[in-house]
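With compact mmCIF, C-alpha atoms inside, this is protein.txt:
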# COMPACT_ATOMS: atom_id res chain seq x y z
CA MET N 24 45.63 39.40 -16.93
CA TYR N 25 42.06 39.82 -18.15
CA LEU N 26 39.50 42.54 -17.50
CA SER N 27 35.86 41.56 -18.02
CA THR N 28 32.73 43.70 -18.01
CA LEU N 29 29.39 42.00 -17.37
CA LEU N 30 26.27 44.11 -17.98
CA ILE N 31 23.41 43.02 -15.70
CA ASP N 32 19.75 43.87 -16.33
CA LEU N 33 18.13 44.85 -13.02
CA GLY N 34 14.61 45.34 -14.40
CA THR N 35 12.39 48.38 -13.88
CA ASN N 36 8.93 46.87 -13.51
CA PRO N 37 8.26 45.69 -9.94
CA ASP N 38 5.32 43.58 -11.16
CA ARG N 39 7.59 41.42 -13.30
CA PRO N 40 10.37 39.03 -12.27
CA ARG N 41 13.68 40.80 -11.75
CA PRO N 42 16.21 37.98 -11.37
CA GLY N 43 19.21 40.23 -11.98
CA ARG N 44 18.28 42.51 -9.10
CA LEU N 45 17.67 39.57 -6.74
CA TRP N 46 20.94 37.93 -7.76
CA LEU N 47 23.05 41.01 -7.01
CA ARG N 48 21.52 41.25 -3.55
CA ASN N 49 23.20 37.99 -2.54
CA LEU N 50 26.95 38.47 -2.83
CA TYR N 51 27.56 34.84 -1.93
CA ARG N 52 25.69 33.83 -5.06
CA VAL N 53 27.35 36.50 -7.18
CA HIS N 54 30.81 35.29 -6.21
CA GLN N 55 29.79 31.67 -6.69
CA ARG N 56 28.55 32.38 -10.22
CA LEU N 57 31.71 34.30 -11.12
CA CYS N 58 33.80 31.38 -9.85
CA MET N 59 32.06 29.17 -12.41
CA ALA N 60 33.96 30.99 -15.16
CA PHE N 61 37.18 29.41 -13.88
CA PRO N 62 36.56 25.64 -13.80
CA SER N 63 39.37 23.27 -12.92
CA HIS N 64 40.97 21.43 -15.81
CA ASN N 65 39.41 18.13 -14.76
CA ARG N 66 35.97 19.66 -14.38
CA LYS N 67 36.07 21.12 -17.88
CA LEU N 68 37.21 17.79 -19.34
CA ASP N 69 34.65 15.70 -17.47
CA ASP N 70 31.75 18.11 -17.88
CA PRO N 71 32.32 20.34 -20.94
CA HIS N 72 28.65 21.43 -21.08
CA PHE N 73 28.26 22.00 -17.32
CA LEU N 74 25.59 19.34 -16.84
CA LYS N 75 26.78 18.15 -13.43
CA PRO N 76 25.78 19.91 -10.17
CA TYR N 77 27.92 22.75 -8.90
CA SER N 78 30.71 21.60 -6.58
CA PRO N 79 33.06 24.09 -4.81
CA GLU N 80 36.19 21.98 -5.23
CA ASP N 81 35.76 22.11 -9.02
CA PHE N 82 36.18 25.89 -9.00
CA PRO N 83 39.36 26.86 -7.12
CA GLU N 84 38.39 30.48 -6.56
CA ASP N 85 35.21 29.74 -4.60
CA HIS N 86 35.10 31.54 -1.25
CA HIS N 87 31.48 31.03 -0.25
CA LEU N 88 32.57 28.74 2.62
CA ALA N 89 35.19 31.14 3.96
CA ASP N 90 32.95 32.21 6.85
CA ARG N 91 33.07 28.72 8.36
CA PRO N 92 35.82 27.76 10.86
CA ALA N 93 38.81 25.91 9.45
CA SER N 94 38.10 22.92 11.68
CA ALA N 95 34.78 22.38 9.88
CA LEU N 96 36.33 22.23 6.42
CA ASP N 97 38.32 19.59 4.62
CA PRO N 98 41.99 20.66 4.28
CA GLN N 99 41.87 20.17 0.52
CA LEU N 100 38.87 22.47 0.31
CA LEU N 101 40.67 25.09 2.37
CA ARG N 102 43.43 25.12 -0.22
CA HIS N 103 40.85 26.34 -2.74
CA VAL N 104 38.79 28.57 -0.45
CA HIS N 105 41.81 30.60 0.59
CA ALA N 106 43.50 30.73 -2.81
CA PRO N 107 45.88 33.68 -3.16
CA ARG N 108 45.21 36.55 -5.54
CA ASP N 109 48.03 37.69 -7.79
CA ASP N 110 48.85 37.75 -11.51
CA ARG N 111 48.71 33.92 -11.57
CA HIS N 112 45.80 33.10 -9.28
CA GLY N 113 42.32 34.33 -8.50
CA PHE N 114 40.11 37.21 -9.46
CA LEU N 115 38.68 40.43 -8.07
CA PHE N 116 35.31 41.97 -8.84
CA ARG N 117 33.24 45.08 -8.22
CA ILE N 118 29.58 45.92 -8.89
CA ASP N 119 29.04 49.40 -10.34
CA PRO N 120 25.46 50.74 -10.57
CA LEU N 121 24.52 52.17 -13.97
CA PRO N 122 21.48 54.29 -14.92
CA PRO N 123 18.66 53.72 -15.43
CA ALA N 124 18.23 50.08 -14.30
CA ARG N 125 21.46 48.23 -14.97
CA ALA N 126 24.69 47.36 -13.24
CA ALA N 127 28.15 46.44 -14.48
CA ILE N 128 30.28 43.80 -12.82
CA LEU N 129 33.97 44.44 -13.41
CA VAL N 130 36.16 41.33 -13.05
CA LEU N 131 39.97 41.33 -13.05
CA SER N 132 41.31 37.79 -13.37
CA ALA N 133 44.63 36.03 -13.76
CA CYS N 134 43.14 33.45 -16.15
CA GLN N 135 40.94 34.04 -19.16
CA PRO N 136 37.35 33.48 -18.00
CA ASP N 137 34.80 31.29 -19.75
CA TRP N 138 31.60 33.29 -19.26
CA ASP N 139 29.59 30.99 -21.53
CA TYR N 140 30.38 28.18 -19.11
CA ALA N 141 29.55 30.29 -16.05
CA PHE N 142 26.18 31.52 -17.33
CA HIS N 143 25.18 28.32 -19.14
CA ASN N 144 21.86 28.22 -17.27
CA ALA N 145 21.51 31.87 -16.32
CA ARG N 146 21.87 33.91 -19.49
CA TYR N 147 18.77 35.87 -18.47
CA LEU N 148 20.96 37.68 -15.92
CA LEU N 149 23.05 39.28 -18.67
CA ALA N 150 21.90 42.35 -20.56
CA ALA N 151 24.64 41.93 -23.18
CA CYS N 152 27.48 39.60 -24.12
CA PRO N 153 30.38 39.89 -21.65
CA GLN N 154 33.31 41.97 -22.86
CA VAL N 155 36.82 40.65 -22.14
CA ARG N 156 40.13 42.33 -22.90
CA ALA N 157 43.74 41.74 -21.96
CA PHE N 158 45.08 43.93 -19.16
CA SER N 159 48.67 44.67 -18.20
CA PRO N 160 49.16 45.55 -14.51
CA ASP N 161 52.57 47.11 -15.15
CA PHE N 162 52.78 50.91 -14.92
CA PRO N 163 56.00 52.97 -14.73
CA VAL N 164 56.96 55.15 -11.79
CA GLY N 165 55.54 58.65 -12.21
CA CYS N 166 52.55 57.48 -14.24
CA HIS N 167 49.34 59.40 -13.46
CA LEU N 168 46.11 57.40 -13.47
CA ARG N 169 42.47 58.01 -12.70
CA PHE N 170 41.24 55.33 -10.29
CA ARG N 171 38.18 53.90 -8.59
CA LEU N 172 38.23 51.62 -5.55
CA LEU N 173 35.40 50.14 -3.52
CA ALA N 174 37.01 49.21 -0.21
CA ASN N 175 36.04 47.70 3.12
CA PRO N 176 38.06 49.99 5.42
CA THR N 177 38.87 48.38 8.75
CA THR N 178 41.53 48.52 11.42
CA ARG N 179 43.08 45.69 13.42
CA ASP N 180 42.27 45.20 17.10
CA PRO N 181 45.55 46.06 18.88
CA LEU N 182 47.25 43.06 20.48
CA PRO N 183 49.56 43.72 23.45
CA ARG N 184 53.21 43.15 22.55
CA GLU N 185 53.69 40.47 25.22
CA GLN N 186 50.75 38.42 23.93
CA ARG N 187 51.99 38.74 20.37
CA LEU N 188 55.50 37.58 21.29
CA GLN N 189 54.11 34.65 23.28
CA LYS N 190 52.00 33.47 20.36
CA GLU N 191 54.89 33.84 17.93
CA ALA N 192 57.24 31.92 20.27
CA ALA N 193 54.67 29.11 20.52
CA GLY N 194 54.36 28.98 16.74
CA GLN N 195 50.76 30.16 16.88
CA ARG N 196 49.20 32.35 14.25
CA VAL N 197 48.63 35.90 15.45
CA GLN N 198 45.02 36.78 14.67
CA ARG N 199 43.50 40.16 15.41
CA LYS N 200 39.87 41.08 15.01
CA ARG N 201 38.95 43.56 12.30
CA LEU N 202 37.21 46.68 13.61
CA GLN N 203 34.99 49.20 11.82
CA LEU N 204 36.31 52.75 11.45
CA LYS N 205 34.98 55.15 14.07
CA TRP N 206 34.97 58.91 14.45
CA GLN N 207 33.92 61.58 16.92
CA SER N 208 30.93 63.86 16.39
CA HIS N 209 33.18 66.82 15.58
CA GLU N 210 35.12 64.86 12.92
CA ASN N 211 34.34 64.64 9.22
CA PRO N 212 33.84 60.95 8.24
CA THR N 213 35.24 61.64 4.76
CA ASP N 214 38.54 62.74 6.30
CA ILE N 215 38.67 59.51 8.35
CA PHE N 216 38.22 57.36 5.26
CA LYS N 217 40.72 59.37 3.21
CA ALA N 218 43.28 58.92 5.99
CA TRP N 219 42.68 55.13 5.96
CA LEU N 220 43.73 54.91 2.30
CA ARG N 221 46.60 57.39 2.57
CA ARG N 222 48.18 55.45 5.45
CA ARG N 223 48.46 52.47 3.07
CA GLU N 224 49.76 54.28 0.00
CA SER N 225 53.46 53.64 0.59
CA ARG N 226 53.00 49.87 0.63
CA LEU N 227 50.52 49.99 -2.27
CA GLY N 228 53.00 51.75 -4.55
CA PHE N 229 51.10 54.96 -5.27
CA LEU N 230 50.34 58.43 -3.99
CA THR N 231 46.85 59.92 -4.21
CA LEU N 232 46.60 63.51 -5.39
CA ASP N 233 44.54 66.41 -4.05
CA ASP N 234 41.40 65.39 -5.94
CA LEU N 235 40.90 62.25 -3.79
CA ALA N 236 37.18 61.92 -3.06
CA VAL N 237 34.94 59.50 -1.14
CA PRO N 238 31.57 60.01 -2.87
CA ARG N 239 29.83 57.11 -1.16
CA ILE N 240 30.06 55.69 2.36
CA GLY N 241 27.69 53.03 3.58
CA TYR N 242 27.27 49.37 4.41
CA VAL N 243 26.98 46.14 2.45
CA TYR N 244 24.93 43.36 4.03
CA VAL N 245 26.00 39.80 3.33
CA ARG N 246 23.88 36.74 4.09
CA LYS N 247 24.53 33.28 2.70
CA ASN N 248 20.88 32.21 2.77
CA ALA N 249 17.53 33.07 4.35
CA SER N 250 18.27 31.07 7.51
CA SER N 251 21.74 32.51 8.21
CA SER N 252 22.50 35.72 10.07
CA SER N 253 23.45 38.85 8.17
CA GLN N 254 27.00 40.23 8.18
CA ARG N 255 27.42 44.01 7.89
CA LEU N 256 30.50 45.31 6.08
CA ARG N 257 31.53 48.95 5.86
CA SER N 258 31.74 50.19 2.28
CA ALA N 259 33.60 53.23 0.95
CA LEU N 260 33.97 54.27 -2.70
CA TYR N 261 37.20 56.11 -3.53
CA GLU N 262 37.80 58.10 -6.72
CA GLY N 263 40.52 60.45 -7.89
CA THR N 264 43.97 60.58 -9.44
CA LEU N 265 47.07 58.72 -8.29
CA ARG N 266 50.76 58.76 -9.15
CA VAL N 267 52.66 55.48 -9.27
CA THR N 268 55.64 55.49 -6.88
CA ASP N 269 56.71 51.83 -7.04
CA THR N 270 55.98 49.61 -10.05
CA ASP N 271 56.20 46.28 -8.21
CA LEU N 272 54.10 47.33 -5.24
CA PHE N 273 51.50 48.91 -7.51
CA ARG N 274 51.34 45.77 -9.59
CA LYS N 275 50.67 43.81 -6.40
CA ALA N 276 47.93 46.26 -5.36
CA LEU N 277 46.23 45.82 -8.73
CA THR N 278 46.46 42.04 -8.84
CA ALA N 279 45.96 41.18 -5.14
CA GLY N 280 43.45 43.91 -4.30
CA VAL N 281 43.25 46.49 -1.53
CA GLY N 282 41.85 45.72 1.92
CA PRO N 283 39.70 42.81 3.17
CA ALA N 284 36.42 41.21 2.02
CA LYS N 285 37.53 40.66 -1.57
CA ALA N 286 35.13 37.72 -1.96
CA PHE N 287 32.27 40.18 -1.52
CA GLY N 288 33.21 42.66 -4.23
CA PHE N 289 35.76 44.82 -2.41
CA GLY N 290 39.38 45.61 -3.23
CA LEU N 291 39.41 45.95 -7.03
CA LEU N 292 41.48 48.99 -7.98
CA SER N 293 40.46 50.00 -11.50
CA VAL N 294 42.58 52.56 -13.37
CA GLN N 295 42.71 54.47 -16.64
CA PRO N 296 45.09 57.10 -18.04
CA ALA N 297 44.62 60.51 -16.50
CA ARG N 298 43.81 63.51 -18.64
CA PRO N 299 46.39 66.34 -18.65
CA ALA N 300 44.04 68.49 -16.56
CA ASP N 301 43.98 65.78 -13.85
CA THR N 302 47.74 65.82 -13.32
For this file, produce the structure as structure tokens.
Amino acid sequence: MYLSTLLIDLGTNPDRPRPGRLWLRNLYRVHQRLCMAFPSHNRKLDDPHFLKPYSPEDFPEDHHLADRPASALDPQLLRHVHAPRDDRHGFLFRIDPLPPARAAILVLSACQPDWDYAFHNARYLLAACPQVRAFSPDFPVGCHLRFRLLANPTTRDPLPREQRLQKEAAGQRVQRKRLQLKWQSHENPTDIFKAWLRRRESRLGFLTLDDLAVPRIGYVYVRKNASSSSQRLRSALYEGTLRVTDTDLFRKALTAGVGPAKAFGFGLLSVQPARPADT
């Protein structure tokens, strides 16, 4: 796989244009631009200099139509919109703020990206040339790693067993609404969010250690354009040290992401070797 780092200039002078800052405010546009680094084979052959208008079907990882009902989309487009994420398909990304007025976009992708193609008409957004390096998602059991994860923690609306069995018997897809995490006034929100991640550890192939922290809890607001309604997504930043307990499951967590809303910058689990003091 490939790990890319894009340095974005946010600008510090409010009296001057700050396109990088405006771009990062619209996660639909951010994801769309990142998708442009992964053109289909036919698109790259027919339009090597990216002179034709942007078209979602030319970039298989585009998810900017995923909020529309399936009945309103062409079946062939759905095949691209809902592309799987693993070590052969798709990409994950996360936006990390950097002082004093910059941000880094971290992108983990199955295919080598073509950032020159993606930013052919928007190089002013980049503060430096993108850095790309090969990344192996394979880590042995017992390996200790420092990690960072920006997640959209949610729970599923419980569906009565009888209704679930009826839908399954009728061959219908069982869909349950995603709900925001809630807590009582006497509870510590940090503990609620830590518990959300720890309940998933066994199927993610790792165990978080005692230094697990949630330094930032908030919301991300997503709106496709000025005329559309805004969608509010819960955001929680996790940091700490983990120990790998299952190589295959951990590989899947790295390549497929953790939790929902991956098209909006959630789910990328970034890791680096832990220092002896961290283990």
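Among the candidates N:Leu173, N:Ser258, N:Ala150, N:Trp206, the one nearest to Phe116 of chain N when counting all atoms listed in the file is N:Leu173.
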Point (55.9, 49.0, -1.4) neighbourhood (8 Å, all atoms listed in the file) written as a PDB file with C-alpha atoms, in the frame of the given file:
ATOM      1  CA  SER N 225      53.460  53.640   0.590  1.00  0.00           C
ATOM      2  CA  ARG N 226      53.000  49.870   0.630  1.00  0.00           C
ATOM      3  CA  LEU N 227      50.520  49.990  -2.270  1.00  0.00           C
ATOM      4  CA  GLY N 228      53.000  51.750  -4.550  1.00  0.00           C
ATOM      5  CA  ASP N 269      56.710  51.830  -7.040  1.00  0.00           C
ATOM      6  CA  ASP N 271      56.200  46.280  -8.210  1.00  0.00           C
ATOM      7  CA  LEU N 272      54.100  47.330  -5.240  1.00  0.00           C
ATOM      8  CA  PHE N 273      51.500  48.910  -7.510  1.00  0.00           C
TER       9      PHE N 273
END
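For the pair atom CA of Cys58 of chain N and atom CA of Arg257 of chain N, the separation is 23.7 Å.
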* Please provide as a ChimeraX atom specification all residues within 9 Å of segment 287-301 of chain N, with the sequence filter that same-chain residues fewer than 5 positions apart are discarded (counting all atoms listed in the file). => /N:50-51,53-54,115-118,129-131,166-175,234,243,245,258,263-265,276-282
With C-alpha atoms retained, export the selected residues as a short mmCIF file (atom, residue, chain, number, x, y, z; two decimals), keeping the file's coordinate frame.
data_model
loop_
_atom_site.label_atom_id
_atom_site.label_comp_id
_atom_site.auth_asym_id
_atom_site.auth_seq_id
_atom_site.Cartn_x
_atom_site.Cartn_y
_atom_site.Cartn_z
CA LEU N 50 26.95 38.47 -2.83
CA TYR N 51 27.56 34.84 -1.93
CA VAL N 53 27.35 36.50 -7.18
CA HIS N 54 30.81 35.29 -6.21
CA LEU N 115 38.68 40.43 -8.07
CA PHE N 116 35.31 41.97 -8.84
CA ARG N 117 33.24 45.08 -8.22
CA ILE N 118 29.58 45.92 -8.89
CA LEU N 129 33.97 44.44 -13.41
CA VAL N 130 36.16 41.33 -13.05
CA LEU N 131 39.97 41.33 -13.05
CA CYS N 166 52.55 57.48 -14.24
CA HIS N 167 49.34 59.40 -13.46
CA LEU N 168 46.11 57.40 -13.47
CA ARG N 169 42.47 58.01 -12.70
CA PHE N 170 41.24 55.33 -10.29
CA ARG N 171 38.18 53.90 -8.59
CA LEU N 172 38.23 51.62 -5.55
CA LEU N 173 35.40 50.14 -3.52
CA ALA N 174 37.01 49.21 -0.21
CA ASN N 175 36.04 47.70 3.12
CA ASP N 234 41.40 65.39 -5.94
CA VAL N 243 26.98 46.14 2.45
CA VAL N 245 26.00 39.80 3.33
CA SER N 258 31.74 50.19 2.28
CA GLY N 263 40.52 60.45 -7.89
CA THR N 264 43.97 60.58 -9.44
CA LEU N 265 47.07 58.72 -8.29
CA ALA N 276 47.93 46.26 -5.36
CA LEU N 277 46.23 45.82 -8.73
CA THR N 278 46.46 42.04 -8.84
CA ALA N 279 45.96 41.18 -5.14
CA GLY N 280 43.45 43.91 -4.30
CA VAL N 281 43.25 46.49 -1.53
CA GLY N 282 41.85 45.72 1.92
#
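The gap separating atom CA of Leu256 of chain N from atom CA of Ala284 of chain N is 8.3 Å, in Å to one decimal.
Comparing N:Pro283, N:Arg125, N:Leu29, N:Thr268 by their smallest distance to Arg41 of chain N, the closest is N:Arg125 (using only C-alpha atoms).
Of note, atom CA of Arg44 of chain N and atom CA of Phe142 of chain N are spaced 15.8 Å apart.
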* Write out as a list in words each polymer residue whose atoms come within 10 Å of Asp110 of chain N, counting only C-alpha atoms; drop sequence neighbours fewer than 3 positions from it. => Met24, Tyr25, Pro107, Gly113, Phe114, Leu131, Ser132, Ala133, Cys134, Ser159, Pro160, Arg274, Lys275, Leu277, Thr278 and Ala279 of chain N
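Considering the residues N:Leu260, N:Leu26, N:Leu74, N:Val164 and counting all atoms listed in the file, Leu220 of chain N has its shortest atom-to-atom contact with N:Leu260.
Using only C-alpha atoms, the smallest distance between any of N:Pro76, N:Pro120, N:Pro62, N:Pro71 and Ile31 of chain N comes from N:Pro120.
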